[in-house]
$ cat model_33.cif   # mmCIF, C-alpha atoms
data_model
loop_
_atom_site.label_atom_id
_atom_site.label_comp_id
_atom_site.auth_asym_id
_atom_site.auth_seq_id
_atom_site.Cartn_x
_atom_site.Cartn_y
_atom_site.Cartn_z
CA MET A 27 0.00 0.00 0.00
CA ASN A 28 2.81 2.38 0.87
CA THR A 29 4.63 1.75 -2.38
CA TYR A 30 1.39 2.13 -4.24
CA THR A 31 0.57 5.49 -2.75
CA LEU A 32 4.14 6.69 -3.14
CA ASP A 33 3.97 5.86 -6.82
CA HIS A 34 0.58 7.50 -7.13
CA PRO A 35 0.41 10.34 -4.62
CA GLU A 36 -2.69 11.74 -6.35
CA LEU A 37 -4.56 8.53 -5.47
CA ALA A 38 -3.57 8.78 -1.83
CA LEU A 39 -4.99 12.29 -1.73
CA SER A 40 -8.27 11.36 -3.35
CA GLU A 41 -8.94 8.41 -1.03
CA PRO A 42 -11.83 9.16 1.33
CA LYS A 43 -10.71 9.25 4.95
CA THR A 44 -13.76 7.50 6.36
CA LEU A 45 -16.62 5.34 5.22
CA GLU A 46 -19.83 7.36 5.24
CA LYS A 47 -22.54 4.88 4.39
CA VAL A 48 -23.15 1.11 4.27
CA ALA A 49 -26.04 -1.01 3.06
CA ILE A 50 -26.07 -4.54 4.43
CA VAL A 51 -28.00 -7.36 2.77
CA VAL A 52 -29.15 -10.12 5.14
CA SER A 53 -29.98 -13.29 3.20
CA LYS A 54 -29.77 -16.01 5.86
CA GLY A 55 -32.23 -16.84 8.61
CA SER A 56 -29.95 -18.61 11.06
CA LEU A 57 -28.54 -17.03 14.22
CA GLU A 58 -25.05 -16.94 12.76
CA GLY A 59 -26.48 -15.49 9.55
CA ILE A 60 -28.29 -12.60 11.23
CA TYR A 61 -26.00 -11.48 14.07
CA PRO A 62 -23.00 -10.37 11.98
CA ALA A 63 -25.23 -8.04 9.97
CA LEU A 64 -26.82 -6.54 13.10
CA ILE A 65 -23.44 -6.08 14.76
CA MET A 66 -22.02 -4.43 11.67
CA ALA A 67 -25.02 -2.12 11.27
CA ASN A 68 -24.91 -1.11 14.93
CA GLY A 69 -21.14 -0.68 14.75
CA ALA A 70 -21.51 1.57 11.73
CA ARG A 71 -23.93 3.86 13.56
CA MET A 72 -21.61 3.94 16.57
CA GLU A 73 -18.93 5.32 14.26
CA GLY A 74 -21.33 7.89 12.84
CA ILE A 75 -21.69 5.94 9.59
CA GLU A 76 -25.14 5.77 7.95
CA ALA A 77 -26.50 2.21 7.70
CA ASP A 78 -29.36 0.40 5.95
CA LEU A 79 -30.39 -3.23 6.39
CA PHE A 80 -32.07 -5.05 3.51
CA PHE A 81 -33.61 -8.40 4.48
CA THR A 82 -34.08 -10.95 1.73
CA PHE A 83 -34.99 -14.63 1.47
CA PHE A 84 -34.68 -16.37 4.86
CA GLY A 85 -33.05 -13.24 6.24
CA LEU A 86 -36.64 -11.97 6.49
CA ASP A 87 -37.05 -14.18 9.56
CA ALA A 88 -35.11 -11.55 11.51
CA ILE A 89 -37.94 -9.04 11.05
CA ARG A 90 -40.94 -11.39 11.00
CA LYS A 91 -43.11 -10.98 14.10
CA ASP A 92 -43.85 -14.70 14.25
CA ARG A 93 -40.23 -15.79 13.85
CA PHE A 94 -37.74 -13.25 15.14
CA GLU A 95 -37.91 -14.58 18.68
CA LYS A 96 -37.16 -18.11 17.51
CA ILE A 97 -33.96 -17.72 15.48
CA LYS A 98 -31.67 -20.76 15.86
CA VAL A 99 -28.09 -21.71 15.21
CA ALA A 100 -27.71 -24.07 12.24
CA THR A 101 -26.36 -27.30 13.75
CA VAL A 102 -26.75 -29.30 10.53
CA GLY A 103 -24.71 -28.54 7.42
CA ASN A 104 -22.51 -26.20 9.41
CA PRO A 105 -18.87 -27.38 9.49
CA GLY A 106 -18.11 -24.61 11.98
CA MET A 107 -19.97 -26.58 14.65
CA HIS A 108 -17.30 -29.31 14.52
CA MET A 109 -19.67 -32.16 15.24
CA PRO A 110 -21.12 -35.08 13.31
CA THR A 111 -24.18 -34.21 11.23
CA TRP A 112 -26.31 -36.89 12.94
CA LEU A 113 -25.62 -35.28 16.31
CA GLY A 114 -26.64 -31.83 15.13
CA ALA A 115 -29.84 -33.34 13.75
CA LEU A 116 -31.02 -34.74 17.11
CA PRO A 117 -34.30 -33.20 18.27
CA GLY A 118 -33.74 -30.17 20.46
CA PHE A 119 -30.05 -29.94 19.66
CA SER A 120 -30.29 -26.71 17.70
CA ALA A 121 -32.33 -25.14 20.52
CA LEU A 122 -29.71 -26.20 23.04
CA ALA A 123 -26.80 -24.85 20.99
CA THR A 124 -28.74 -21.60 20.52
CA LYS A 125 -29.34 -21.28 24.24
CA MET A 126 -25.66 -21.81 25.02
CA MET A 127 -24.56 -19.31 22.43
CA GLN A 128 -27.08 -16.71 23.63
CA ARG A 129 -25.80 -17.08 27.16
CA GLN A 130 -22.28 -16.35 25.96
CA MET A 131 -23.49 -13.34 23.98
CA GLU A 132 -25.40 -11.92 26.92
CA LYS A 133 -22.13 -11.99 28.87
CA ILE A 134 -20.48 -9.67 26.37
CA ASP A 135 -23.59 -7.48 26.20
CA ILE A 136 -24.87 -8.59 22.78
CA PRO A 137 -28.67 -8.36 22.95
CA PRO A 138 -31.12 -11.05 21.80
CA ILE A 139 -32.40 -10.51 18.23
CA PRO A 140 -35.71 -8.75 19.06
CA GLU A 141 -33.93 -6.26 21.34
CA PHE A 142 -31.12 -5.88 18.80
CA ILE A 143 -33.59 -5.01 16.02
CA GLU A 144 -35.05 -2.32 18.27
CA LEU A 145 -31.57 -1.06 19.18
CA VAL A 146 -30.40 -0.66 15.58
CA ALA A 147 -33.67 0.97 14.53
CA ASP A 148 -33.43 3.44 17.44
CA SER A 149 -29.83 4.09 16.37
CA GLY A 150 -31.06 5.29 13.00
CA VAL A 151 -30.54 2.15 10.91
CA ARG A 152 -33.27 1.88 8.26
CA LEU A 153 -34.78 -1.60 7.85
CA TYR A 154 -36.27 -2.83 4.58
CA ALA A 155 -37.83 -6.07 3.37
CA CYS A 156 -37.07 -7.37 -0.12
CA LYS A 157 -40.12 -7.15 -2.38
CA ALA A 158 -39.35 -10.25 -4.45
CA THR A 159 -39.13 -12.48 -1.37
CA VAL A 160 -42.14 -10.85 0.30
CA ASP A 161 -44.20 -11.58 -2.82
CA MET A 162 -42.83 -15.10 -3.10
CA PHE A 163 -43.71 -15.96 0.52
CA GLY A 164 -47.04 -14.12 0.29
CA LEU A 165 -46.22 -11.69 3.12
CA THR A 166 -47.38 -8.13 3.86
CA MET A 167 -46.19 -5.28 6.11
CA ALA A 168 -48.47 -6.74 8.81
CA ASP A 169 -46.11 -9.72 9.08
CA PHE A 170 -43.16 -7.53 10.03
CA VAL A 171 -42.05 -5.82 13.21
CA PRO A 172 -42.99 -2.11 13.34
CA GLN A 173 -39.36 -1.01 12.87
CA VAL A 174 -39.45 -2.06 9.20
CA GLU A 175 -39.76 1.06 7.06
CA GLY A 176 -41.02 -0.59 3.93
CA ILE A 177 -40.96 -3.30 1.32
CA ILE A 178 -38.67 -2.22 -1.50
CA SER A 179 -37.49 -3.63 -4.81
CA VAL A 180 -33.87 -4.36 -5.66
CA GLY A 181 -33.83 -1.22 -7.79
CA GLU A 182 -35.02 0.91 -4.90
CA PHE A 183 -32.43 -0.76 -2.67
CA TYR A 184 -29.63 0.29 -5.03
CA GLU A 185 -31.02 3.82 -5.13
CA GLN A 186 -31.10 3.87 -1.36
CA ALA A 187 -27.53 2.48 -1.17
CA ALA A 188 -26.13 5.01 -3.66
CA GLY A 189 -22.87 6.56 -2.57
CA GLY A 190 -22.15 3.87 0.03
CA GLN A 191 -20.69 0.40 0.30
CA ILE A 192 -22.85 -2.70 -0.07
CA ILE A 193 -22.17 -5.73 2.16
CA PHE A 194 -23.81 -9.10 1.47
CA THR A 195 -24.18 -11.55 4.33
CA MET B 5 0.57 10.46 22.12
CA THR B 6 0.89 14.24 22.19
CA ALA B 7 0.45 16.82 24.91
CA THR B 8 -1.94 19.58 23.86
CA MET B 9 -3.16 22.71 25.64
CA ILE B 10 -6.93 22.57 26.18
CA ALA B 11 -8.72 25.08 28.40
CA GLU B 12 -5.29 26.25 29.66
CA THR B 13 -4.37 22.73 30.80
CA SER B 14 -1.81 20.39 29.29
CA VAL B 15 -3.63 17.24 28.20
CA ASP B 16 -2.32 13.96 26.70
CA LEU B 17 -4.24 12.88 23.61
CA ASP B 18 -4.01 9.82 21.39
CA ALA B 19 -3.93 10.04 17.57
CA GLU B 20 -7.73 10.27 17.42
CA GLY B 21 -8.01 12.95 20.07
CA PHE B 22 -9.05 10.79 23.04
CA MET B 23 -7.53 11.68 26.39
CA THR B 24 -5.19 9.01 27.67
CA VAL B 25 -4.94 10.26 31.25
CA PRO B 26 -8.52 10.62 32.61
CA GLU B 27 -7.21 12.43 35.74
CA GLN B 28 -6.24 15.43 33.59
CA TRP B 29 -9.90 16.03 32.72
CA ASN B 30 -12.15 18.81 34.00
CA GLU B 31 -15.45 20.33 32.87
CA GLU B 32 -13.82 23.21 31.00
CA ILE B 33 -11.83 20.70 28.96
CA ALA B 34 -15.05 18.77 28.29
CA ALA B 35 -16.76 21.89 26.96
CA GLU B 36 -13.85 22.64 24.67
CA LEU B 37 -13.60 19.06 23.38
CA ALA B 38 -17.36 19.10 22.73
CA ALA B 39 -17.13 22.34 20.74
CA GLU B 40 -14.27 20.89 18.67
CA ASN B 41 -16.47 17.91 17.88
CA GLY B 42 -19.50 19.83 16.71
CA ILE B 43 -21.39 20.19 19.99
CA ALA B 44 -21.33 23.90 20.74
CA ASP B 45 -23.53 23.71 23.79
CA LEU B 46 -23.42 20.86 26.31
CA THR B 47 -26.95 20.53 27.73
CA ALA B 48 -27.92 18.78 30.96
CA ARG B 49 -28.78 15.70 28.86
CA HIS B 50 -25.31 15.69 27.27
CA TRP B 51 -23.73 15.94 30.71
CA LEU B 52 -25.82 13.04 31.98
CA VAL B 53 -24.38 10.80 29.25
CA VAL B 54 -20.82 12.10 29.48
CA LYS B 55 -20.69 11.68 33.25
CA PHE B 56 -22.27 8.22 33.09
CA MET B 57 -19.62 7.11 30.57
CA ARG B 58 -16.82 8.56 32.62
CA GLU B 59 -17.98 7.20 35.95
CA ARG B 60 -18.59 3.75 34.52
CA PHE B 61 -15.13 3.74 32.98
CA LEU B 62 -13.43 4.88 36.17
CA ALA B 63 -15.33 2.27 38.19
CA THR B 64 -14.89 -0.73 35.87
CA GLY B 65 -11.95 0.10 33.59
CA ALA B 66 -14.10 -0.26 30.47
CA ALA B 67 -16.51 2.09 28.72
CA PRO B 68 -20.15 0.86 28.68
CA SER B 69 -21.70 -0.58 25.50
CA ILE B 70 -24.31 1.41 23.60
CA ARG B 71 -26.82 -1.10 24.97
CA ALA B 72 -25.86 -0.32 28.56
CA LEU B 73 -25.72 3.38 27.78
CA GLY B 74 -29.28 3.29 26.42
CA LYS B 75 -30.63 1.24 29.31
CA GLU B 76 -28.79 2.65 32.29
CA SER B 77 -27.72 6.24 31.64
CA GLY B 78 -31.28 7.58 31.77
CA VAL B 79 -31.09 8.66 28.11
CA PRO B 80 -32.72 6.27 25.59
CA VAL B 81 -30.85 5.20 22.42
CA LYS B 82 -32.87 7.42 20.06
CA GLU B 83 -32.07 10.49 22.09
CA LEU B 84 -28.41 9.46 22.42
CA TYR B 85 -28.07 9.73 18.65
CA GLU B 86 -29.89 13.07 18.63
CA LEU B 87 -27.47 14.40 21.23
CA PHE B 88 -24.36 12.84 19.63
CA PRO B 89 -25.13 12.26 15.94
CA LYS B 90 -21.59 11.14 15.14
CA GLY B 91 -21.67 8.25 17.59
CA PRO B 92 -22.82 8.58 21.22
CA ALA B 93 -20.40 6.17 22.92
CA LYS B 94 -17.37 7.43 21.03
CA LEU B 95 -18.16 11.14 21.42
CA ALA B 96 -19.24 10.91 25.05
CA ALA B 97 -15.99 9.05 25.80
CA LYS B 98 -13.96 11.73 24.04
CA ILE B 99 -15.73 14.57 25.84
CA GLY B 100 -15.63 12.69 29.14
CA GLY B 101 -11.86 12.41 28.95
CA ILE B 102 -11.61 8.61 28.78
CA PRO B 103 -10.02 6.35 26.12
CA LYS B 104 -11.93 5.27 23.02
CA PRO B 105 -14.44 2.46 23.78
CA GLN B 106 -13.02 -0.90 22.67
CA GLY B 107 -16.17 -3.04 22.45
CA CYS B 108 -18.11 -3.95 19.29
CA ILE B 109 -21.54 -3.20 20.73
#

$ encode --input "model_33.cif" --output "structure tokens"
Amino acid sequence: MNTYTLDHPELALSEPKTLEKVAIVVSKGSLEGIYPALIMANGARMEGIEADLFFTFFGLDAIRKDRFEKIKVATVGNPGMHMPTWLGALPGFSALATKMMQRQMEKIDIPPIPEFIELVADSGVRLYACKATVDMFGLTMADFVPQVEGIISVGEFYEQAAGGQIIFT
Amino acid sequence: MTATMIAETSVDLDAEGFMTVPEQWNEEIAAELAAENGIADLTARHWLVVKFMRERFLATGAAPSIRALGKESGVPVKELYELFPKGPAKLAAKIGGIPKPQGCI
């Protein structure tokens, strides 16, 4: 990087000093799929960076009234769990792993998902549901928590994200 | 780390402008740091947050999370961002004369 900027001092000067805006796409509905996006959105706001969250496909579970309190860790098909697939598939195993993980998170002050959704919304993060998925699953605004600002198309999402960085999770 | 004169006191600051020696802090310094960071007038609500941050840090050795700040300081999260638009925890720490918060939340 140093060599690069020395060779091109004009590039070094034109580089923005800070990130000003991020738009984060949440496409997975598991605990480990949703938390990173919430932590990054909250972290952005804490640094004074604008942040949007766009929930698509199973990521919508994070903002669905009937599901957002029941988000679980994926214990099957998740090599990160370091356990045999048959073990992860035992009844109640995912719930147990989720409980253990949530206890650890509470210790380092990471809120449960419903509280976290409220926290990021209160912090000024804008929450949107993806129109294509909403139509596919036959959902309406009534299915979502009140913090959701609207159901928007991909095109509208890009408009909203203009001038910022897009992160896909 | 550099020593800088703020409100006629010599203060040690890190590269981002956070005080590294909390004992050097006083309210005049806080007001000046706030003005430098876009808060011209520290209201009673600002002070509530700044003092909560500072006291919590001095008592525990770590700055509180935004979650704790919202729940325990007496100022809810929405208002925290109205008071400190560029990041409540970070700015309140800077104004309160304590190091930059290290946590992710």

$ closest_residue --input "model_33.cif" --among "A:Phe183, A:Tyr61, A:Phe83, A:Phe119" --to "chain B" --atoms "only C-alpha atoms"
A:Tyr61

$ closest_residue --input "model_33.cif" --among "B:Phe22, B:Tyr85, B:Phe61, B:Phe56" --to "B:Leu73" --atoms "all atoms listed in the file"
B:Phe56

$ closest_residue --input "model_33.cif" --among "A:Val99, A:Ile177, A:Met66, A:Leu79" --to "A:Ala147" --atoms "all atoms listed in the file"
A:Leu79

$ closest_residue --input "model_33.cif" --among "B:Arg60, B:Lys82, B:Lys55, B:Lys75" --to "chain A" --atoms "all atoms listed in the file"
B:Lys82

$ residues_near_point --input "model_33.cif" --point "(-29.6, 3.5, 16.5)" --cutoff "7 Å" --atoms "only C-alpha atoms" --output "mmCIF file with C-alpha atoms, in the frame of the given file"
data_model
loop_
_atom_site.group_PDB
_atom_site.id
_atom_site.type_symbol
_atom_site.label_atom_id
_atom_site.label_comp_id
_atom_site.auth_asym_id
_atom_site.auth_seq_id
_atom_site.Cartn_x
_atom_site.Cartn_y
_atom_site.Cartn_z
ATOM 1 C CA ASN A 68 -24.910 -1.110 14.930
ATOM 2 C CA ARG A 71 -23.930 3.860 13.560
ATOM 3 C CA LEU A 145 -31.570 -1.060 19.180
ATOM 4 C CA VAL A 146 -30.400 -0.660 15.580
ATOM 5 C CA ALA A 147 -33.670 0.970 14.530
ATOM 6 C CA ASP A 148 -33.430 3.440 17.440
ATOM 7 C CA SER A 149 -29.830 4.090 16.370
ATOM 8 C CA GLY A 150 -31.060 5.290 13.000
ATOM 9 C CA VAL A 151 -30.540 2.150 10.910
ATOM 10 C CA VAL B 81 -30.850 5.200 22.420
ATOM 11 C CA LYS B 82 -32.870 7.420 20.060
ATOM 12 C CA TYR B 85 -28.070 9.730 18.650
#

$ resolve_selection --input "model_33.cif" --expression "the PyMOL selection byres ((chain B and resi 67) around 10)" --output "MDAnalysis selection string"
chainID B and resid 56:66 68:70 72:73 93:94 96:97 102:107

$ closest_residue --input "model_33.cif" --among "B:Ile99, B:His50, B:Arg71, B:Ser14" --to "chain A" --atoms "all atoms listed in the file"
B:Arg71

$ closest_residue --input "model_33.cif" --among "A:Ile193, A:Ile134, A:Val52, A:Val160" --to "A:Phe81" --atoms "all atoms listed in the file"
A:Val52

$ residues_around --input "model_33.cif" --residues "A:Lys125" --least-positions-apart "6" --cutoff "12 Å" --atoms "all atoms listed in the file" --output "NGL selection string"
:A and (57 or 96-99 or 118-119 or 131-132 or 138)

$ atom_distance --input "model_33.cif" --atom1 "atom CA of A:Glu185" --atom2 "atom CA of A:Ile143"
23.1 Å

$ atom_distance --input "model_33.cif" --atom1 "atom CA of B:Gly100" --atom2 "atom CA of A:Ala77"
26.2 Å

$ residues_around --input "model_33.cif" --residues "stretch 30-42 of chain B" --least-positions-apart "5" --cutoff "8 Å" --atoms "all atoms listed in the file" --output "ChimeraX atom specification"
/B:10-11,13,95,98-101

$ residues_around --input "model_33.cif" --residues "A:Asp169" --least-positions-apart "6" --cutoff "12 Å" --atoms "all atoms listed in the file" --output "MDAnalysis selection string"
chainID A and resid 86:94 155 160 163 176:177

$ write_last_selection --input "model_33.cif" --atoms "C-alpha atoms" --output "tab-separated table (two decimals), keeping the file's coordinate frame"
chain	number	residue	atom	x	y	z
A	86	LEU	CA	-36.64	-11.97	6.49
A	87	ASP	CA	-37.05	-14.18	9.56
A	88	ALA	CA	-35.11	-11.55	11.51
A	89	ILE	CA	-37.94	-9.04	11.05
A	90	ARG	CA	-40.94	-11.39	11.00
A	91	LYS	CA	-43.11	-10.98	14.10
A	92	ASP	CA	-43.85	-14.70	14.25
A	93	ARG	CA	-40.23	-15.79	13.85
A	94	PHE	CA	-37.74	-13.25	15.14
A	155	ALA	CA	-37.83	-6.07	3.37
A	160	VAL	CA	-42.14	-10.85	0.30
A	163	PHE	CA	-43.71	-15.96	0.52
A	176	GLY	CA	-41.02	-0.59	3.93
A	177	ILE	CA	-40.96	-3.30	1.32

$ build_atoms --input "model_33.cif" --residues "stretch 67-91 of chain B" --atoms "N, CA and C atoms" --output "mmCIF file, in the coordinates of the input"
data_model
loop_
_atom_site.group_PDB
_atom_site.id
_atom_site.type_symbol
_atom_site.label_atom_id
_atom_site.label_comp_id
_atom_site.auth_asym_id
_atom_site.auth_seq_id
_atom_site.Cartn_x
_atom_site.Cartn_y
_atom_site.Cartn_z
ATOM 1 N N ALA B 67 -15.371 1.227 29.039
ATOM 2 C CA ALA B 67 -16.510 2.090 28.720
ATOM 3 C C ALA B 67 -17.739 1.211 28.498
ATOM 4 N N PRO B 68 -18.945 1.682 28.872
ATOM 5 C CA PRO B 68 -20.150 0.860 28.680
ATOM 6 C C PRO B 68 -20.489 0.709 27.196
ATOM 7 N N SER B 69 -21.225 -0.368 26.867
ATOM 8 C CA SER B 69 -21.700 -0.580 25.500
ATOM 9 C C SER B 69 -22.839 0.401 25.222
ATOM 10 N N ILE B 70 -23.196 0.526 23.949
ATOM 11 C CA ILE B 70 -24.310 1.410 23.600
ATOM 12 C C ILE B 70 -25.599 0.862 24.213
ATOM 13 N N ARG B 71 -25.650 -0.460 24.361
ATOM 14 C CA ARG B 71 -26.820 -1.100 24.970
ATOM 15 C C ARG B 71 -26.956 -0.654 26.426
ATOM 16 N N ALA B 72 -25.844 -0.722 27.165
ATOM 17 C CA ALA B 72 -25.860 -0.320 28.560
ATOM 18 C C ALA B 72 -26.127 1.180 28.681
ATOM 19 N N LEU B 73 -25.539 1.929 27.777
ATOM 20 C CA LEU B 73 -25.720 3.380 27.780
ATOM 21 C C LEU B 73 -27.205 3.724 27.624
ATOM 22 N N GLY B 74 -27.868 3.046 26.686
ATOM 23 C CA GLY B 74 -29.280 3.290 26.420
ATOM 24 C C GLY B 74 -30.180 2.848 27.572
ATOM 25 N N LYS B 75 -29.775 1.773 28.255
ATOM 26 C CA LYS B 75 -30.630 1.240 29.310
ATOM 27 C C LYS B 75 -30.403 1.897 30.658
ATOM 28 N N GLU B 76 -29.131 2.267 30.921
ATOM 29 C CA GLU B 76 -28.790 2.650 32.290
ATOM 30 C C GLU B 76 -28.438 4.116 32.513
ATOM 31 N N SER B 77 -28.166 4.857 31.445
ATOM 32 C CA SER B 77 -27.720 6.240 31.640
ATOM 33 C C SER B 77 -28.887 7.174 31.923
ATOM 34 N N GLY B 78 -30.124 6.705 31.605
ATOM 35 C CA GLY B 78 -31.280 7.580 31.770
ATOM 36 C C GLY B 78 -31.631 8.292 30.471
ATOM 37 N N VAL B 79 -30.822 8.063 29.429
ATOM 38 C CA VAL B 79 -31.090 8.660 28.110
ATOM 39 C C VAL B 79 -31.281 7.513 27.108
ATOM 40 N N PRO B 80 -32.492 7.382 26.517
ATOM 41 C CA PRO B 80 -32.720 6.270 25.590
ATOM 42 C C PRO B 80 -31.904 6.405 24.290
ATOM 43 N N VAL B 81 -31.728 5.267 23.592
ATOM 44 C CA VAL B 81 -30.850 5.200 22.420
ATOM 45 C C VAL B 81 -31.174 6.272 21.364
ATOM 46 N N LYS B 82 -32.478 6.429 21.075
ATOM 47 C CA LYS B 82 -32.870 7.420 20.060
ATOM 48 C C LYS B 82 -32.342 8.796 20.394
ATOM 49 N N GLU B 83 -32.514 9.166 21.660
ATOM 50 C CA GLU B 83 -32.070 10.490 22.090
ATOM 51 C C GLU B 83 -30.548 10.581 22.109
ATOM 52 N N LEU B 84 -29.886 9.464 22.424
ATOM 53 C CA LEU B 84 -28.410 9.460 22.420
ATOM 54 C C LEU B 84 -27.892 9.902 21.064
ATOM 55 N N TYR B 85 -28.516 9.376 20.007
ATOM 56 C CA TYR B 85 -28.070 9.730 18.650
ATOM 57 C C TYR B 85 -28.463 11.152 18.261
ATOM 58 N N GLU B 86 -29.534 11.667 18.882
ATOM 59 C CA GLU B 86 -29.890 13.070 18.630
ATOM 60 C C GLU B 86 -28.862 13.983 19.307
ATOM 61 N N LEU B 87 -28.433 13.579 20.486
ATOM 62 C CA LEU B 87 -27.470 14.400 21.230
ATOM 63 C C LEU B 87 -26.074 14.312 20.614
ATOM 64 N N PHE B 88 -25.703 13.088 20.181
ATOM 65 C CA PHE B 88 -24.360 12.840 19.630
ATOM 66 C C PHE B 88 -24.487 12.152 18.272
ATOM 67 N N PRO B 89 -24.843 12.894 17.230
ATOM 68 C CA PRO B 89 -25.130 12.260 15.940
ATOM 69 C C PRO B 89 -23.959 11.463 15.373
ATOM 70 N N LYS B 90 -22.748 11.833 15.707
ATOM 71 C CA LYS B 90 -21.590 11.140 15.140
ATOM 72 C C LYS B 90 -21.132 9.940 15.966
ATOM 73 N N GLY B 91 -22.024 9.422 16.791
ATOM 74 C CA GLY B 91 -21.670 8.250 17.590
ATOM 75 C C GLY B 91 -21.635 8.573 19.064
#
